[in-house]
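So the structure is just underneath, and the comments pick up after that.
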Amino acid sequence: MKTVNSNTISLETANQIIDKAIKEAEKRNFSIVATIVNKDGTLVALKKMDHAVVGPVDVSIKKAKTAALFGLNTIDFGKIAQPGAPIYSIENTNGGMISFGGGITLIHNGEVIGALGVAGASVEDDELIAQVAINI
């Protein structure tokens with residue numbers, strides 16, 4: 001993975017990942033929003049496909065932010081954030097978190113350098129598109 005240094009994701013790499021997500025979404029006839037944040041949850045890049053509705057913009061940002069800040073893919077984060085689970089209601093912190101699939105951590109040399117958030121399809125398809133996209 002191309003990075004500026006060992007703990008930062010470059011804009012070039014962010015755009016490559018997002019473009020791969022969009023290509024996969026097009027193959028599956030979905031219109032999505034894909035977001036990359038750095039390890040601190042700060043926006044690096046976001047692309048909204050032409051026919052994607054507006055709601056997934058915020059969802060994709062929050063998926064990416066959740067994965068980056070907690071170092072967990074959102075699908076795994078959701079398992080411990082359910083009612084009765086150890087961190088139930090944590091979704092209300094940090095400006096709102098997401099506890100379902102589509103947020104994937106980006107790891108380089110064993111360190112989280114950022115995350116990808118995909119939203120706009122079903123949760124299962126968001127997760128699949130994100131998994132395909134990170135394999136650049």
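Chain identifiers are assigned as A, B, and so on, following the order in which chains appear in the structure tokens; residues are numbered from 1 within each chain, and ligands are numbered from 1 in order of appearance.
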
**Item:** DSSP-assigned alpha helix (DSSP H) among segment 41-122 of chain A, expressed as a ChimeraX atom specification
**Value:** /A:55-70,74-80

**Request:** Name the residues in contact with segment 22-35 of chain A at a cut-off of 10 Å, using only C-alpha atoms, excluding same-chain residues fewer than 5 positions from it; report them as a PyMOL selection string.
**Result:** chain A and resi 14-17+43-65+102-103+115-122+125-126+128-130+132-133

**Spatial neighbours of Phe77 of chain A, 10 Å, only C-alpha atoms, chain gap at least 2 places, as a list in words** =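 Counting only the stated atoms, we get Thr66, Ala67, Phe70, Gly71, Leu72, Asn73, Thr74, Ile75, Lys79, Ile80, Ala81, Gln82, Ile87, Ile90, Glu91, Met97, Ile98, Ser99, Phe100, Gly101 and Gly103 of chain A.
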
Selection above as a file: all heavy atoms, as a compact mmCIF listing (two decimals), in the first residue's frame:
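Written output follows (part_37.txt):
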# COMPACT_ATOMS: atom_id res chain seq x y z
N THR A 66 -15.60 5.19 12.60
CA THR A 66 -15.72 4.16 13.64
C THR A 66 -14.59 3.15 13.53
O THR A 66 -13.93 2.82 14.52
CB THR A 66 -17.09 3.44 13.54
OG1 THR A 66 -18.13 4.40 13.68
CG2 THR A 66 -17.23 2.36 14.60
N ALA A 67 -14.37 2.65 12.31
CA ALA A 67 -13.32 1.64 12.11
C ALA A 67 -11.94 2.20 12.46
O ALA A 67 -11.14 1.52 13.11
CB ALA A 67 -13.35 1.15 10.67
N PHE A 70 -11.56 2.99 16.49
CA PHE A 70 -11.55 1.83 17.39
C PHE A 70 -10.69 0.68 16.88
O PHE A 70 -10.54 -0.32 17.56
CB PHE A 70 -12.99 1.37 17.66
CG PHE A 70 -13.74 2.35 18.51
CD1 PHE A 70 -14.49 3.36 17.93
CD2 PHE A 70 -13.65 2.30 19.89
CE1 PHE A 70 -15.15 4.29 18.71
CE2 PHE A 70 -14.31 3.22 20.69
CZ PHE A 70 -15.07 4.23 20.09
N GLY A 71 -10.14 0.83 15.67
CA GLY A 71 -9.26 -0.21 15.13
C GLY A 71 -9.97 -1.51 14.87
O GLY A 71 -9.34 -2.57 14.88
N LEU A 72 -11.26 -1.44 14.62
CA LEU A 72 -12.08 -2.62 14.36
C LEU A 72 -12.95 -2.38 13.15
O LEU A 72 -13.50 -1.28 12.99
CB LEU A 72 -13.06 -2.88 15.52
CG LEU A 72 -12.56 -3.52 16.79
CD1 LEU A 72 -13.67 -3.49 17.84
CD2 LEU A 72 -12.13 -4.94 16.54
N ASN A 73 -13.11 -3.39 12.31
CA ASN A 73 -14.10 -3.29 11.25
C ASN A 73 -15.47 -3.12 11.90
O ASN A 73 -15.73 -3.68 12.97
CB ASN A 73 -14.08 -4.54 10.37
CG ASN A 73 -12.79 -4.68 9.59
OD1 ASN A 73 -12.00 -3.74 9.49
ND2 ASN A 73 -12.55 -5.85 9.05
N THR A 74 -16.33 -2.33 11.28
CA THR A 74 -17.62 -2.03 11.91
C THR A 74 -18.48 -3.27 12.12
O THR A 74 -19.26 -3.31 13.07
CB THR A 74 -18.40 -0.97 11.12
OG1 THR A 74 -18.56 -1.41 9.76
CG2 THR A 74 -17.70 0.38 11.16
N ILE A 75 -18.32 -4.27 11.29
CA ILE A 75 -19.10 -5.50 11.48
C ILE A 75 -18.70 -6.18 12.80
O ILE A 75 -19.55 -6.72 13.52
CB ILE A 75 -18.96 -6.45 10.27
CG1 ILE A 75 -20.09 -7.46 10.27
CG2 ILE A 75 -17.61 -7.10 10.20
CD1 ILE A 75 -20.28 -8.17 8.94
N LYS A 79 -20.69 -6.34 17.01
CA LYS A 79 -20.88 -7.52 17.86
C LYS A 79 -20.71 -7.18 19.34
O LYS A 79 -21.30 -7.84 20.19
CB LYS A 79 -19.90 -8.63 17.46
CG LYS A 79 -20.19 -9.19 16.09
CD LYS A 79 -19.12 -10.18 15.66
CE LYS A 79 -19.37 -10.62 14.22
NZ LYS A 79 -18.26 -11.44 13.72
N ILE A 80 -19.91 -6.18 19.65
CA ILE A 80 -19.70 -5.82 21.05
C ILE A 80 -20.47 -4.56 21.46
O ILE A 80 -20.36 -4.10 22.59
CB ILE A 80 -18.20 -5.67 21.38
CG1 ILE A 80 -17.53 -4.63 20.49
CG2 ILE A 80 -17.50 -7.02 21.27
CD1 ILE A 80 -16.09 -4.32 20.86
N ALA A 81 -21.24 -4.00 20.51
CA ALA A 81 -22.00 -2.79 20.80
C ALA A 81 -23.51 -3.04 20.83
O ALA A 81 -24.29 -2.10 20.85
CB ALA A 81 -21.67 -1.72 19.76
N GLN A 82 -23.93 -4.28 20.83
CA GLN A 82 -25.34 -4.64 20.87
C GLN A 82 -25.88 -4.57 22.30
O GLN A 82 -25.12 -4.64 23.25
CB GLN A 82 -25.54 -6.06 20.32
CG GLN A 82 -25.12 -6.22 18.87
CD GLN A 82 -25.90 -5.32 17.95
OE1 GLN A 82 -27.12 -5.26 17.99
NE2 GLN A 82 -25.18 -4.56 17.12
N ILE A 87 -19.99 -2.85 25.28
CA ILE A 87 -19.94 -1.41 25.00
C ILE A 87 -21.25 -0.90 24.40
O ILE A 87 -21.27 0.04 23.61
CB ILE A 87 -18.73 -1.05 24.11
CG1 ILE A 87 -18.78 -1.76 22.78
CG2 ILE A 87 -17.43 -1.29 24.86
CD1 ILE A 87 -17.73 -1.27 21.77
N ILE A 90 -22.26 2.79 22.84
CA ILE A 90 -21.08 3.56 22.45
C ILE A 90 -21.30 4.31 21.14
O ILE A 90 -20.62 5.28 20.85
CB ILE A 90 -19.82 2.67 22.38
CG1 ILE A 90 -18.57 3.56 22.40
CG2 ILE A 90 -19.88 1.75 21.16
CD1 ILE A 90 -17.30 2.83 22.68
N GLU A 91 -22.29 3.88 20.35
CA GLU A 91 -22.57 4.55 19.08
C GLU A 91 -22.89 6.03 19.27
O GLU A 91 -22.83 6.81 18.34
CB GLU A 91 -23.75 3.89 18.34
CG GLU A 91 -23.50 2.48 17.92
CD GLU A 91 -24.00 1.48 18.96
OE1 GLU A 91 -24.27 1.88 20.11
OE2 GLU A 91 -24.10 0.30 18.63
N MET A 97 -21.34 6.84 15.99
CA MET A 97 -20.60 5.71 15.44
C MET A 97 -21.57 4.80 14.69
O MET A 97 -22.78 4.90 14.85
CB MET A 97 -19.93 4.91 16.56
CG MET A 97 -18.95 5.69 17.41
SD MET A 97 -17.38 6.01 16.58
CE MET A 97 -17.58 7.73 16.17
N ILE A 98 -21.05 3.89 13.92
CA ILE A 98 -21.84 2.91 13.17
C ILE A 98 -21.44 1.52 13.62
O ILE A 98 -20.26 1.20 13.68
CB ILE A 98 -21.62 3.05 11.65
CG1 ILE A 98 -22.09 4.42 11.15
CG2 ILE A 98 -22.30 1.92 10.90
CD1 ILE A 98 -23.57 4.65 11.13
N SER A 99 -22.43 0.69 13.92
CA SER A 99 -22.13 -0.66 14.42
C SER A 99 -22.72 -1.74 13.52
O SER A 99 -23.28 -2.71 13.98
CB SER A 99 -22.66 -0.81 15.86
OG SER A 99 -24.05 -0.58 15.90
N PHE A 100 -22.55 -1.55 12.21
CA PHE A 100 -22.90 -2.59 11.24
C PHE A 100 -21.93 -2.51 10.08
O PHE A 100 -21.16 -1.55 9.97
CB PHE A 100 -24.36 -2.49 10.79
CG PHE A 100 -24.81 -1.11 10.37
CD1 PHE A 100 -24.61 -0.66 9.07
CD2 PHE A 100 -25.44 -0.27 11.27
CE1 PHE A 100 -25.03 0.60 8.68
CE2 PHE A 100 -25.87 0.99 10.89
CZ PHE A 100 -25.66 1.43 9.59
N GLY A 101 -21.91 -3.50 9.23
CA GLY A 101 -20.88 -3.68 8.22
C GLY A 101 -20.72 -2.55 7.22
O GLY A 101 -21.64 -1.79 6.95
N GLY A 103 -17.55 -0.69 7.22
CA GLY A 103 -16.39 0.10 7.64
C GLY A 103 -15.21 -0.84 7.86
O GLY A 103 -15.30 -1.77 8.65

**Asked** Please, which residues of segment 25-136 of chain A, numbered as in this document, come out strand (DSSP E or B) from DSSP, as a PyMOL selection string?
**Response** chain A and resi 33-38+43-48+103-108+111-119

**Message:** Measuring between only C-alpha atoms, which one of A:Leu11, A:Ile18, A:Ala68, A:Ala85 shows the shortest distance to Ile104 of chain A?
**Reply:**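 Selected residue with least distance to Ile104 of chain A: A:Ala68.
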